[in-house]
$ cat run.tsv   # TSV, N, CA and C atoms
chain	number	residue	atom	x	y	z
A	1	MET	N	9.38	73.01	81.10
A	1	MET	CA	10.59	72.77	80.35
A	1	MET	C	10.26	72.82	78.86
A	2	HIS	N	11.11	73.47	78.09
A	2	HIS	CA	10.96	73.57	76.64
A	2	HIS	C	11.86	72.54	75.98
A	3	ILE	N	11.31	71.81	75.01
A	3	ILE	CA	12.11	70.88	74.21
A	3	ILE	C	11.71	71.00	72.75
A	4	GLN	N	12.54	70.44	71.90
A	4	GLN	CA	12.24	70.33	70.47
A	4	GLN	C	11.95	68.86	70.17
A	5	LEU	N	10.95	68.61	69.37
A	5	LEU	CA	10.64	67.26	68.92
A	5	LEU	C	10.94	67.15	67.44
A	6	ARG	N	11.44	66.00	67.02
A	6	ARG	CA	11.67	65.71	65.61
A	6	ARG	C	11.06	64.34	65.31
A	7	PHE	N	10.44	64.24	64.16
A	7	PHE	CA	9.81	63.00	63.72
A	7	PHE	C	10.32	62.66	62.33
A	8	PHE	N	10.67	61.39	62.11
A	8	PHE	CA	11.28	60.98	60.86
A	8	PHE	C	10.54	59.81	60.21
A	9	ALA	N	10.66	59.74	58.89
A	9	ALA	CA	10.17	58.62	58.07
A	9	ALA	C	8.68	58.38	58.31
A	10	SER	N	8.28	57.13	58.55
A	10	SER	CA	6.87	56.80	58.67
A	10	SER	C	6.22	57.46	59.89
A	11	VAL	N	6.99	57.75	60.92
A	11	VAL	CA	6.43	58.47	62.08
A	11	VAL	C	6.03	59.88	61.65
A	12	ARG	N	6.88	60.54	60.91
A	12	ARG	CA	6.57	61.88	60.39
A	12	ARG	C	5.33	61.83	59.51
A	13	GLU	N	5.27	60.83	58.64
A	13	GLU	CA	4.12	60.72	57.73
A	13	GLU	C	2.83	60.48	58.49
A	14	ALA	N	2.86	59.63	59.49
A	14	ALA	CA	1.65	59.32	60.26
A	14	ALA	C	1.17	60.53	61.05
A	15	LEU	N	2.11	61.27	61.64
A	15	LEU	CA	1.74	62.41	62.48
A	15	LEU	C	1.49	63.69	61.68
A	16	GLY	N	1.98	63.72	60.44
A	16	GLY	CA	1.76	64.89	59.60
A	16	GLY	C	2.63	66.08	59.96
A	17	THR	N	3.73	65.82	60.66
A	17	THR	CA	4.65	66.90	61.02
A	17	THR	C	6.06	66.34	61.19
A	18	SER	N	7.05	67.17	60.95
A	18	SER	CA	8.43	66.73	61.11
A	18	SER	C	9.07	67.29	62.38
A	19	GLN	N	8.46	68.34	62.95
A	19	GLN	CA	9.05	68.92	64.15
A	19	GLN	C	8.00	69.72	64.92
A	20	GLU	N	8.33	69.95	66.19
A	20	GLU	CA	7.43	70.71	67.04
A	20	GLU	C	8.22	71.21	68.24
A	21	ALA	N	7.96	72.42	68.65
A	21	ALA	CA	8.47	72.94	69.92
A	21	ALA	C	7.39	72.66	70.96
A	22	LEU	N	7.80	72.20	72.13
A	22	LEU	CA	6.83	71.76	73.13
A	22	LEU	C	7.26	72.23	74.52
A	23	VAL	N	6.29	72.70	75.28
A	23	VAL	CA	6.50	73.01	76.69
A	23	VAL	C	5.90	71.85	77.48
A	24	LEU	N	6.74	71.20	78.27
A	24	LEU	CA	6.32	70.01	79.01
A	24	LEU	C	5.88	70.34	80.43
A	25	PRO	N	4.94	69.56	80.96
A	25	PRO	CA	4.61	69.71	82.38
A	25	PRO	C	5.79	69.25	83.23
A	26	ASP	N	5.83	69.68	84.46
A	26	ASP	CA	6.96	69.40	85.35
A	26	ASP	C	7.24	67.91	85.55
A	27	HIS	N	6.23	67.06	85.50
A	27	HIS	CA	6.44	65.64	85.78
A	27	HIS	C	7.08	64.88	84.60
A	28	VAL	N	7.18	65.48	83.44
A	28	VAL	CA	7.77	64.82	82.27
A	28	VAL	C	9.26	65.10	82.28
A	29	ARG	N	10.06	64.06	82.62
A	29	ARG	CA	11.49	64.25	82.82
A	29	ARG	C	12.37	63.24	82.08
A	30	THR	N	11.77	62.31	81.34
A	30	THR	CA	12.55	61.32	80.58
A	30	THR	C	12.02	61.21	79.16
A	31	VAL	N	12.79	60.59	78.30
A	31	VAL	CA	12.35	60.37	76.92
A	31	VAL	C	11.06	59.54	76.91
A	32	GLY	N	10.99	58.52	77.75
A	32	GLY	CA	9.79	57.70	77.83
A	32	GLY	C	8.57	58.49	78.29
A	33	ALA	N	8.78	59.40	79.22
A	33	ALA	CA	7.68	60.24	79.69
A	33	ALA	C	7.21	61.19	78.59
A	34	VAL	N	8.14	61.65	77.74
A	34	VAL	CA	7.76	62.47	76.59
A	34	VAL	C	6.86	61.66	75.66
A	35	ARG	N	7.27	60.44	75.39
A	35	ARG	CA	6.48	59.55	74.53
A	35	ARG	C	5.08	59.35	75.11
A	36	SER	N	4.99	59.06	76.39
A	36	SER	CA	3.69	58.86	77.04
A	36	SER	C	2.85	60.13	76.99
A	37	HIS	N	3.49	61.27	77.23
A	37	HIS	CA	2.80	62.56	77.19
A	37	HIS	C	2.19	62.80	75.80
A	38	LEU	N	2.94	62.49	74.76
A	38	LEU	CA	2.43	62.67	73.40
A	38	LEU	C	1.28	61.71	73.11
A	39	CYS	N	1.36	60.49	73.64
A	39	CYS	CA	0.28	59.52	73.45
A	39	CYS	C	-1.03	60.00	74.07
A	40	GLU	N	-0.94	60.80	75.12
A	40	GLU	CA	-2.13	61.33	75.77
A	40	GLU	C	-2.94	62.24	74.86
A	41	ARG	N	-2.35	62.66	73.75
A	41	ARG	CA	-3.10	63.47	72.78
A	41	ARG	C	-4.19	62.65	72.11
A	42	GLY	N	-4.02	61.32	72.16
A	42	GLY	CA	-5.00	60.42	71.56
A	42	GLY	C	-4.85	60.30	70.06
A	43	GLY	N	-5.81	59.66	69.43
A	43	GLY	CA	-5.84	59.51	67.98
A	43	GLY	C	-4.57	58.95	67.39
A	44	VAL	N	-4.12	59.57	66.30
A	44	VAL	CA	-2.95	59.11	65.58
A	44	VAL	C	-1.69	59.17	66.46
A	45	TRP	N	-1.64	60.10	67.40
A	45	TRP	CA	-0.49	60.21	68.31
A	45	TRP	C	-0.39	58.95	69.17
A	46	ALA	N	-1.50	58.55	69.77
A	46	ALA	CA	-1.52	57.36	70.62
A	46	ALA	C	-1.20	56.11	69.81
A	47	GLU	N	-1.72	56.03	68.61
A	47	GLU	CA	-1.49	54.86	67.75
A	47	GLU	C	-0.04	54.79	67.29
A	48	THR	N	0.52	55.88	66.84
A	48	THR	CA	1.87	55.90	66.27
A	48	THR	C	2.95	55.73	67.33
A	49	LEU	N	2.75	56.30	68.50
A	49	LEU	CA	3.78	56.28	69.55
A	49	LEU	C	3.47	55.31	70.68
A	50	ALA	N	2.50	54.43	70.48
A	50	ALA	CA	2.06	53.51	71.53
A	50	ALA	C	3.20	52.69	72.13
A	51	GLU	N	3.13	52.49	73.43
A	51	GLU	CA	4.09	51.64	74.12
A	51	GLU	C	4.00	50.23	73.53
A	52	GLY	N	5.12	49.60	73.32
A	52	GLY	CA	5.14	48.28	72.72
A	52	GLY	C	5.30	48.31	71.21
A	53	ARG	N	5.06	49.44	70.61
A	53	ARG	CA	5.25	49.58	69.17
A	53	ARG	C	6.73	49.82	68.89
A	54	ALA	N	7.26	49.17	67.87
A	54	ALA	CA	8.67	49.33	67.51
A	54	ALA	C	8.94	50.78	67.14
A	55	LEU	N	9.83	51.41	67.89
A	55	LEU	CA	10.12	52.81	67.70
A	55	LEU	C	11.50	53.10	68.25
A	56	ARG	N	12.30	53.82	67.50
A	56	ARG	CA	13.64	54.23	67.96
A	56	ARG	C	13.54	55.66	68.45
A	57	MET	N	14.41	55.98	69.40
A	57	MET	CA	14.40	57.31	69.97
A	57	MET	C	15.83	57.83	70.09
A	58	ALA	N	15.97	59.14	69.99
A	58	ALA	CA	17.27	59.77	70.18
A	58	ALA	C	17.07	61.00	71.06
A	59	TYR	N	18.10	61.31	71.84
A	59	TYR	CA	18.08	62.53	72.63
A	59	TYR	C	19.35	63.29	72.32
A	60	ASN	N	19.19	64.51	71.86
A	60	ASN	CA	20.32	65.36	71.46
A	60	ASN	C	21.25	64.62	70.50
A	61	HIS	N	20.66	63.98	69.50
A	61	HIS	CA	21.36	63.32	68.39
A	61	HIS	C	22.09	62.04	68.79
A	62	GLU	N	21.76	61.47	69.93
A	62	GLU	CA	22.35	60.19	70.33
A	62	GLU	C	21.23	59.20	70.60
A	63	MET	N	21.40	57.97	70.08
A	63	MET	CA	20.41	56.93	70.32
A	63	MET	C	20.25	56.72	71.82
A	64	THR	N	19.02	56.47	72.23
A	64	THR	CA	18.74	56.37	73.66
A	64	THR	C	17.59	55.41	73.91
A	65	ASP	N	17.28	55.22	75.17
A	65	ASP	CA	16.09	54.46	75.54
A	65	ASP	C	15.18	55.36	76.37
A	66	GLU	N	14.09	54.79	76.83
A	66	GLU	CA	13.06	55.59	77.51
A	66	GLU	C	13.50	56.15	78.86
A	67	SER	N	14.55	55.59	79.45
A	67	SER	CA	14.96	56.04	80.78
A	67	SER	C	15.86	57.27	80.77
A	68	THR	N	16.26	57.72	79.59
A	68	THR	CA	17.17	58.87	79.49
A	68	THR	C	16.50	60.14	79.98
A	69	ALA	N	17.18	60.83	80.88
A	69	ALA	CA	16.67	62.10	81.41
A	69	ALA	C	16.80	63.18	80.34
A	70	ILE	N	15.86	64.11	80.35
A	70	ILE	CA	15.88	65.23	79.41
A	70	ILE	C	16.12	66.52	80.18
A	71	ALA	N	16.56	67.55	79.47
A	71	ALA	CA	16.84	68.84	80.08
A	71	ALA	C	16.28	69.96	79.20
A	72	GLU	N	16.22	71.14	79.76
A	72	GLU	CA	15.74	72.33	79.05
A	72	GLU	C	16.44	72.46	77.70
A	73	ASP	N	15.66	72.76	76.66
A	73	ASP	CA	16.13	72.97	75.30
A	73	ASP	C	16.73	71.73	74.64
A	74	GLY	N	16.45	70.55	75.18
A	74	GLY	CA	16.91	69.31	74.56
A	74	GLY	C	16.09	68.98	73.32
A	75	GLU	N	16.55	68.00	72.57
A	75	GLU	CA	15.84	67.55	71.38
A	75	GLU	C	15.57	66.06	71.49
A	76	VAL	N	14.31	65.68	71.33
A	76	VAL	CA	13.90	64.28	71.34
A	76	VAL	C	13.41	63.94	69.94
A	77	ALA	N	13.93	62.85	69.39
A	77	ALA	CA	13.55	62.43	68.03
A	77	ALA	C	12.96	61.02	68.08
A	78	PHE	N	11.97	60.79	67.24
A	78	PHE	CA	11.31	59.49	67.12
A	78	PHE	C	11.36	59.05	65.66
A	79	PHE	N	11.66	57.77	65.44
A	79	PHE	CA	11.69	57.23	64.09
A	79	PHE	C	11.53	55.73	64.12
A	80	PRO	N	11.14	55.13	63.00
A	80	PRO	CA	10.94	53.69	62.96
A	80	PRO	C	12.27	52.96	63.09
A	81	PRO	N	12.24	51.67	63.39
A	81	PRO	CA	13.48	50.91	63.60
A	81	PRO	C	14.41	50.89	62.38
A	82	VAL	N	13.86	50.98	61.21
A	82	VAL	CA	14.66	50.96	59.99
A	82	VAL	C	14.22	52.13	59.13
A	83	THR	N	15.16	52.97	58.73
A	83	THR	CA	14.83	54.06	57.83
A	83	THR	C	15.69	53.96	56.59
A	84	GLY	N	15.18	54.45	55.50
A	84	GLY	CA	15.93	54.41	54.25
A	84	GLY	C	16.64	55.72	53.99
A	85	GLY	N	17.49	55.71	52.97
A	85	GLY	CA	18.28	56.88	52.61
A	85	GLY	C	17.43	57.90	51.98
$ encode --input "run.tsv" --output "structure tokens"
Amino acid sequence: MHIQLRFFASVREALGTSQEALVLPDHVRTVGAVRSHLCERGGVWAETLAEGRALRMAYNHEMTDESTAIAEDGEVAFFPPVTGG
């Protein structure tokens, strides 16, 4: 499955990127699974997106939680709990 990733504010700064196109393995089917999959990269990815760390998520421009199912060509965004203008 192909998805688009977007990273905002301090998450973008920590990861050094604002967006990425990603092909997911078949078992990755929710926003939470995307987060876990990215953490498997290790290093700054694991630190920035770690489970238990305060992080907001959106799927296709709507706020969501980790249980939200994803679909082909969807967009998953990650950002800190509070962002500035």
$ residues_around --input "run.tsv" --residues "His61 in chain A" --least-positions-apart "6" --cutoff "8 Å" --atoms "all atoms listed in the file" --output "PyMOL selection string"
chain A and resi 74-77
$ closest_residue --input "run.tsv" --among "A:Ala9, A:Ala21, A:Ala54, A:Ile3" --to "Ile70 in chain A" --atoms "only C-alpha atoms"
A:Ile3
$ atom_distance --input "run.tsv" --atom1 "atom N of Glu13 in chain A" --atom2 "CA of Ala50 in chain A"
15.2 Å
$ closest_residue --input "run.tsv" --among "A:Val82, A:Val34, A:Leu24, A:Val44" --to "Tyr59 in chain A" --atoms "only C-alpha atoms"
A:Val34
$ select_by_dssp --input "run.tsv" --residues "range 23-52 of chain A" --states "alpha helix (DSSP H)" --output "ChimeraX atom specification"
/A:31-39,43-48
$ atom_distance --input "run.tsv" --atom1 "atom C of Gly52 in chain A" --atom2 "atom N of Arg12 in chain A"
16.1 Å
$ atom_distance --input "run.tsv" --atom1 "atom N of Thr30 in chain A" --atom2 "atom N of Glu72 in chain A"
10.0 Å
$ select_by_dssp --input "run.tsv" --residues "range 1-32 of chain A" --states "strand (DSSP E or B)" --output "number ranges by chain"
A: 2-7, 19-23, 30
$ residues_around --input "run.tsv" --residues "Arg56 in chain A" --least-positions-apart "5" --cutoff "10 Å" --atoms "only C-alpha atoms" --output "list in words"
Met63, Thr64, Asp65, Glu66, Ala77, Phe78, Phe79, Pro80, Pro81 and Val82 of chain A
$ closest_residue --input "run.tsv" --among "A:His2, A:Arg35, A:Arg53, A:Arg41" --to "Val23 in chain A" --atoms "only C-alpha atoms"
A:His2
$ axis_aligned_box --input "run.tsv" --around "range 65-77 of chain A" --padding-each-side "5 Å" --output "JSON"
{"center_x": 15.1, "center_y": 63.7, "center_z": 74.7, "size_x": 14.3, "size_y": 28.5, "size_z": 23.4}
$ closest_residue --input "run.tsv" --among "A:Glu62, A:Asp73, A:Glu51, A:Glu20" --to "Ala33 in chain A" --atoms "only C-alpha atoms"
A:Glu51
